[in-house]
Amino acid sequence: GQQLNQSPQSMFIQEGEDVSMNCTSSSIFNTWLWYKQEPGEGPVLLIALYKAGELTSNGRLTAQFGITRKDSFLNISASIPSDVGIYFCAGRSGATDSWGKLQFGAGTQVVVTP
Amino acid sequence: EAQVTQNPRYLITVTGKKLTVTCSQNMNHEYMSWYRQDPGLGLRQIYYSMNVEVTDKGDVPEGYKVSRKEKRNFPLILESPSPNQTSLYFCASSSWVVGGGYTFGSGTRLTVV
């Protein structure tokens with residue numbers, strides 16, 4: 001199947017620093033999503049993107065839908081301890097008969113130190 | 001409260017013993033899906049369902065069965081579990097009308113010995 005390459009695999013950052021991670025696909029997507037997973041829980045949706053070039057914010061989080069439609073980026077500004085978790089990108093190709101098919105990247109583990 | 005409920009949270013079983021993991025959603029979502037999560041591999045989609053009696057394979061369907069007889073329920077069936085199916089499983093639901101992504105349950109940790 002399609003491959004979603006997410007990087008970096010992990011990040012160790014100091015409180016207050018900005019964080020950036022990205023995701024690339026071998027195919028065009030028409031929806032990009034970013035999720036966060038905390039220990040013992042399922043992933044929770046942070047941001048959804050639907051148009052190439054779209055830039056969307058959710059508090060200190062900002063995500064962008066790449067112009068080529070094959071990539072997406074997530075930035076976390078001024079990190080705080082509760083930002084700890086695994087962040088996943090996810091993409092959907094958009095074919096009507098496969099709307100339910102949502103692929104995920106391998107995740108970026110974020111660790112925030114005081 | 002809008003939620004996806006899956007049971008059990010933890011399950012240890014032996015190779016070859018059939019098991020079912022249940023999943024239920026109370027949001028009237030038409031789409032439901034099962035994922036497995038393994039270290040370094042992220043979440044991989046097993047099966048998804050577009051509505052009652054309509055299902056399709058995800059990226060890793062081998063060794064799994066699903067059924068969608070009611071809109072709210074989407075059980076995952078392992079007819080003959082093997083140790084390589086030891087994993088963390090998530091059920092999720094979504095709606096074409098609402099858009100966005102899947103809403104996930106809290107997970108089922110399965111160990112096959």
# chains A, B, ... in the order shown; residues from 1 in each chain; ligands from 1
>>> closest_atom_pairs(of="stretch 13-54 of chain A", to="stretch 97-113 of chain B", cutoff="8 Å", atoms="only C-alpha atoms", output="CSV")
residue,atom,partner,partner_atom,distance
A:Leu33,CA,B:Gly101,CA,6.9
A:Gly40,CA,B:Ser106,CA,7.1
A:Glu41,CA,B:Ser106,CA,4.9
A:Gly42,CA,B:Ser106,CA,4.7
A:Pro43,CA,B:Phe104,CA,6.3
A:Val44,CA,B:Thr103,CA,7.0
A:Leu45,CA,B:Gly101,CA,7.0
A:Ala48,CA,B:Gly100,CA,6.0
>>> interface_residues(of="chain A", to="chain B", cutoff="10 Å", atoms="only C-alpha atoms", output="PyMOL selection string")
chain A and resi 1-2+4+6+9+31-35+40-50+86-92+97-108
>>> closest_residue(among="B:Glu1, B:Gln85, B:Glu70, B:Pro75", to="B:Val21", atoms="only C-alpha atoms")
B:Pro75
>>> residues_around(residues="stretch 54-58 of chain A", least_positions_apart="3", cutoff="10 Å", atoms="only C-alpha atoms", output="PDB file with N, CA and C atoms, in the first residue's frame")
ATOM      1  N   LEU A  46      -6.142  16.477  16.228  1.00  0.00           N
ATOM      2  CA  LEU A  46      -5.719  17.844  16.549  1.00  0.00           C
ATOM      3  C   LEU A  46      -6.145  18.824  15.474  1.00  0.00           C
ATOM      4  N   ILE A  47      -5.797  18.513  14.239  1.00  0.00           N
ATOM      5  CA  ILE A  47      -6.029  19.429  13.125  1.00  0.00           C
ATOM      6  C   ILE A  47      -6.373  18.623  11.879  1.00  0.00           C
ATOM      7  N   ALA A  48      -7.314  19.137  11.086  1.00  0.00           N
ATOM      8  CA  ALA A  48      -7.678  18.545   9.800  1.00  0.00           C
ATOM      9  C   ALA A  48      -7.440  19.577   8.699  1.00  0.00           C
ATOM     10  N   LEU A  49      -6.870  19.124   7.584  1.00  0.00           N
ATOM     11  CA  LEU A  49      -6.540  19.995   6.455  1.00  0.00           C
ATOM     12  C   LEU A  49      -7.148  19.410   5.189  1.00  0.00           C
ATOM     13  N   TYR A  50      -7.761  20.282   4.361  1.00  0.00           N
ATOM     14  CA  TYR A  50      -8.511  19.785   3.214  1.00  0.00           C
ATOM     15  C   TYR A  50      -8.085  20.361   1.870  1.00  0.00           C
ATOM     16  N   LYS A  51      -7.239  21.403   1.891  1.00  0.00           N
ATOM     17  CA  LYS A  51      -6.864  22.043   0.630  1.00  0.00           C
ATOM     18  C   LYS A  51      -5.374  22.262   0.557  1.00  0.00           C
ATOM     19  N   LEU A  61      -0.582  24.952  18.141  1.00  0.00           N
ATOM     20  CA  LEU A  61      -0.299  24.021  17.044  1.00  0.00           C
ATOM     21  C   LEU A  61      -0.693  24.658  15.717  1.00  0.00           C
ATOM     22  N   THR A  62       0.191  24.496  14.723  1.00  0.00           N
ATOM     23  CA  THR A  62      -0.093  24.968  13.374  1.00  0.00           C
ATOM     24  C   THR A  62       0.288  23.868  12.404  1.00  0.00           C
ATOM     25  N   ALA A  63      -0.592  23.575  11.467  1.00  0.00           N
ATOM     26  CA  ALA A  63      -0.323  22.540  10.475  1.00  0.00           C
ATOM     27  C   ALA A  63      -0.549  23.102   9.083  1.00  0.00           C
ATOM     28  N   GLN A  64       0.185  22.574   8.130  1.00  0.00           N
ATOM     29  CA  GLN A  64       0.055  23.024   6.753  1.00  0.00           C
ATOM     30  C   GLN A  64      -0.084  21.836   5.809  1.00  0.00           C
ATOM     31  N   PHE A  65      -0.932  22.024   4.812  1.00  0.00           N
ATOM     32  CA  PHE A  65      -1.145  21.057   3.744  1.00  0.00           C
ATOM     33  C   PHE A  65      -0.199  21.468   2.618  1.00  0.00           C
ATOM     34  N   GLY A  66       0.756  20.622   2.283  1.00  0.00           N
ATOM     35  CA  GLY A  66       1.754  20.978   1.282  1.00  0.00           C
ATOM     36  C   GLY A  66       1.167  21.234  -0.101  1.00  0.00           C
ATOM     37  N   ILE A  67       1.825  22.120  -0.824  1.00  0.00           N
ATOM     38  CA  ILE A  67       1.364  22.517  -2.161  1.00  0.00           C
ATOM     39  C   ILE A  67       1.321  21.328  -3.115  1.00  0.00           C
ATOM     40  N   SER A  72       2.822  17.208   4.508  1.00  0.00           N
ATOM     41  CA  SER A  72       2.171  18.059   5.502  1.00  0.00           C
ATOM     42  C   SER A  72       3.149  18.282   6.647  1.00  0.00           C
ATOM     43  N   PHE A  73       2.948  19.401   7.352  1.00  0.00           N
ATOM     44  CA  PHE A  73       3.854  19.786   8.429  1.00  0.00           C
ATOM     45  C   PHE A  73       3.048  20.167   9.668  1.00  0.00           C
ATOM     46  N   LEU A  74       3.622  19.860  10.825  1.00  0.00           N
ATOM     47  CA  LEU A  74       3.014  20.271  12.091  1.00  0.00           C
ATOM     48  C   LEU A  74       4.054  21.001  12.918  1.00  0.00           C
ATOM     49  N   ASN A  75       3.696  22.169  13.416  1.00  0.00           N
ATOM     50  CA  ASN A  75       4.566  22.925  14.311  1.00  0.00           C
ATOM     51  C   ASN A  75       3.880  23.102  15.664  1.00  0.00           C
ATOM     52  N   ILE A  76       4.660  22.957  16.725  1.00  0.00           N
ATOM     53  CA  ILE A  76       4.191  23.231  18.067  1.00  0.00           C
ATOM     54  C   ILE A  76       5.064  24.362  18.594  1.00  0.00           C
TER      55      ILE A  76
END
>>> residues_around(residues="A:Lys70", least_positions_apart="3", cutoff="7 Å", atoms="only C-alpha atoms", output="short mmCIF file (atom, residue, chain, number, x, y, z; two decimals) with C-alpha atoms, in the first residue's frame")
data_model
loop_
_atom_site.label_atom_id
_atom_site.label_comp_id
_atom_site.auth_asym_id
_atom_site.auth_seq_id
_atom_site.Cartn_x
_atom_site.Cartn_y
_atom_site.Cartn_z
CA THR A 24 5.50 12.81 3.12
CA SER A 25 3.52 10.48 0.91
CA SER A 26 4.29 8.61 -2.28
CA SER A 27 0.83 9.56 -3.56
CA ILE A 28 -1.41 12.60 -3.60
CA PHE A 29 -3.77 13.05 -0.68
CA GLY A 66 1.75 20.98 1.28
#
>>> residues_around(residues="A:Ser77", least_positions_apart="3", cutoff="7 Å", atoms="only C-alpha atoms", output="compact mmCIF listing (two decimals) with C-alpha atoms, in the first residue's frame")
# COMPACT_ATOMS: atom_id res chain seq x y z
CA GLU A 17 11.17 25.43 22.43
CA ASP A 18 9.34 25.14 19.12
CA VAL A 19 8.84 21.73 17.51
CA ARG A 60 -0.06 26.60 19.83
CA LEU A 61 -0.30 24.02 17.04
>>> atom_distance(atom1="atom CA of A:Gln37", atom2="atom CA of B:Thr86")
19.8 Å
>>> decode(residues="stretch 81-102 of chain A", atoms="N, CA, C and O atoms", output="PDB file, in the first residue's frame")
ATOM      1  N   PRO A  81       5.150  20.942  29.163  1.00  0.00           N
ATOM      2  CA  PRO A  81       5.237  19.518  29.526  1.00  0.00           C
ATOM      3  C   PRO A  81       4.084  18.659  29.018  1.00  0.00           C
ATOM      4  O   PRO A  81       4.278  17.501  28.660  1.00  0.00           O
ATOM      5  N   SER A  82       2.886  19.206  28.949  1.00  0.00           N
ATOM      6  CA  SER A  82       1.737  18.412  28.513  1.00  0.00           C
ATOM      7  C   SER A  82       1.722  18.148  27.007  1.00  0.00           C
ATOM      8  O   SER A  82       0.842  17.441  26.500  1.00  0.00           O
ATOM      9  N   ASP A  83       2.703  18.671  26.281  1.00  0.00           N
ATOM     10  CA  ASP A  83       2.829  18.354  24.850  1.00  0.00           C
ATOM     11  C   ASP A  83       3.437  16.981  24.636  1.00  0.00           C
ATOM     12  O   ASP A  83       3.485  16.490  23.503  1.00  0.00           O
ATOM     13  N   VAL A  84       3.899  16.357  25.698  1.00  0.00           N
ATOM     14  CA  VAL A  84       4.483  15.015  25.593  1.00  0.00           C
ATOM     15  C   VAL A  84       3.482  14.047  25.011  1.00  0.00           C
ATOM     16  O   VAL A  84       2.311  14.035  25.387  1.00  0.00           O
ATOM     17  N   GLY A  85       3.938  13.217  24.074  1.00  0.00           N
ATOM     18  CA  GLY A  85       3.071  12.215  23.476  1.00  0.00           C
ATOM     19  C   GLY A  85       3.604  11.797  22.120  1.00  0.00           C
ATOM     20  O   GLY A  85       4.704  12.193  21.718  1.00  0.00           O
ATOM     21  N   ILE A  86       2.832  10.993  21.436  1.00  0.00           N
ATOM     22  CA  ILE A  86       3.180  10.583  20.073  1.00  0.00           C
ATOM     23  C   ILE A  86       2.254  11.324  19.115  1.00  0.00           C
ATOM     24  O   ILE A  86       1.032  11.292  19.274  1.00  0.00           O
ATOM     25  N   TYR A  87       2.837  11.976  18.130  1.00  0.00           N
ATOM     26  CA  TYR A  87       2.073  12.714  17.138  1.00  0.00           C
ATOM     27  C   TYR A  87       2.084  11.923  15.837  1.00  0.00           C
ATOM     28  O   TYR A  87       3.142  11.484  15.364  1.00  0.00           O
ATOM     29  N   PHE A  88       0.904  11.740  15.275  1.00  0.00           N
ATOM     30  CA  PHE A  88       0.755  10.983  14.034  1.00  0.00           C
ATOM     31  C   PHE A  88       0.179  11.868  12.939  1.00  0.00           C
ATOM     32  O   PHE A  88      -0.764  12.628  13.179  1.00  0.00           O
ATOM     33  N   CYS A  89       0.732  11.723  11.748  1.00  0.00           N
ATOM     34  CA  CYS A  89       0.066  12.275  10.582  1.00  0.00           C
ATOM     35  C   CYS A  89      -0.791  11.165   9.987  1.00  0.00           C
ATOM     36  O   CYS A  89      -0.542   9.977  10.207  1.00  0.00           O
ATOM     37  N   ALA A  90      -1.811  11.572   9.247  1.00  0.00           N
ATOM     38  CA  ALA A  90      -2.680  10.609   8.570  1.00  0.00           C
ATOM     39  C   ALA A  90      -3.186  11.254   7.290  1.00  0.00           C
ATOM     40  O   ALA A  90      -3.396  12.473   7.242  1.00  0.00           O
ATOM     41  N   GLY A  91      -3.370  10.434   6.273  1.00  0.00           N
ATOM     42  CA  GLY A  91      -3.798  10.972   4.993  1.00  0.00           C
ATOM     43  C   GLY A  91      -4.848  10.110   4.324  1.00  0.00           C
ATOM     44  O   GLY A  91      -4.914   8.897   4.525  1.00  0.00           O
ATOM     45  N   ARG A  92      -5.655  10.785   3.530  1.00  0.00           N
ATOM     46  CA  ARG A  92      -6.738  10.126   2.802  1.00  0.00           C
ATOM     47  C   ARG A  92      -6.655  10.525   1.343  1.00  0.00           C
ATOM     48  O   ARG A  92      -6.517  11.712   1.029  1.00  0.00           O
ATOM     49  N   SER A  93      -6.764   9.535   0.438  1.00  0.00           N
ATOM     50  CA  SER A  93      -6.591   9.843  -0.982  1.00  0.00           C
ATOM     51  C   SER A  93      -7.811  10.526  -1.576  1.00  0.00           C
ATOM     52  O   SER A  93      -7.706  11.232  -2.562  1.00  0.00           O
ATOM     53  N   GLY A  94      -8.993  10.286  -1.006  1.00  0.00           N
ATOM     54  CA  GLY A  94     -10.142  11.041  -1.461  1.00  0.00           C
ATOM     55  C   GLY A  94     -11.054  10.362  -2.445  1.00  0.00           C
ATOM     56  O   GLY A  94     -12.122  10.878  -2.735  1.00  0.00           O
ATOM     57  N   ALA A  95     -10.671   9.205  -2.951  1.00  0.00           N
ATOM     58  CA  ALA A  95     -11.591   8.502  -3.841  1.00  0.00           C
ATOM     59  C   ALA A  95     -12.880   8.207  -3.069  1.00  0.00           C
ATOM     60  O   ALA A  95     -12.846   7.746  -1.941  1.00  0.00           O
ATOM     61  N   THR A  96     -14.012   8.499  -3.689  1.00  0.00           N
ATOM     62  CA  THR A  96     -15.300   8.397  -2.996  1.00  0.00           C
ATOM     63  C   THR A  96     -15.528   7.020  -2.392  1.00  0.00           C
ATOM     64  O   THR A  96     -16.022   6.891  -1.265  1.00  0.00           O
ATOM     65  N   ASP A  97     -15.153   5.997  -3.130  1.00  0.00           N
ATOM     66  CA  ASP A  97     -15.432   4.650  -2.640  1.00  0.00           C
ATOM     67  C   ASP A  97     -14.418   4.170  -1.614  1.00  0.00           C
ATOM     68  O   ASP A  97     -14.512   3.054  -1.135  1.00  0.00           O
ATOM     69  N   SER A  98     -13.430   5.004  -1.290  1.00  0.00           N
ATOM     70  CA  SER A  98     -12.454   4.605  -0.270  1.00  0.00           C
ATOM     71  C   SER A  98     -12.271   5.705   0.767  1.00  0.00           C
ATOM     72  O   SER A  98     -11.192   5.861   1.335  1.00  0.00           O
ATOM     73  N   TRP A  99     -13.315   6.461   1.017  1.00  0.00           N
ATOM     74  CA  TRP A  99     -13.231   7.558   1.986  1.00  0.00           C
ATOM     75  C   TRP A  99     -12.836   7.032   3.362  1.00  0.00           C
ATOM     76  O   TRP A  99     -12.178   7.714   4.130  1.00  0.00           O
ATOM     77  N   GLY A 100     -13.239   5.810   3.688  1.00  0.00           N
ATOM     78  CA  GLY A 100     -12.924   5.254   5.002  1.00  0.00           C
ATOM     79  C   GLY A 100     -11.497   4.790   5.154  1.00  0.00           C
ATOM     80  O   GLY A 100     -11.057   4.431   6.250  1.00  0.00           O
ATOM     81  N   LYS A 101     -10.740   4.771   4.073  1.00  0.00           N
ATOM     82  CA  LYS A 101      -9.367   4.289   4.111  1.00  0.00           C
ATOM     83  C   LYS A 101      -8.456   5.439   4.515  1.00  0.00           C
ATOM     84  O   LYS A 101      -8.237   6.379   3.755  1.00  0.00           O
ATOM     85  N   LEU A 102      -7.948   5.405   5.728  1.00  0.00           N
ATOM     86  CA  LEU A 102      -7.109   6.458   6.286  1.00  0.00           C
ATOM     87  C   LEU A 102      -5.792   5.847   6.720  1.00  0.00           C
ATOM     88  O   LEU A 102      -5.770   4.938   7.543  1.00  0.00           O
TER      89      LEU A 102
END
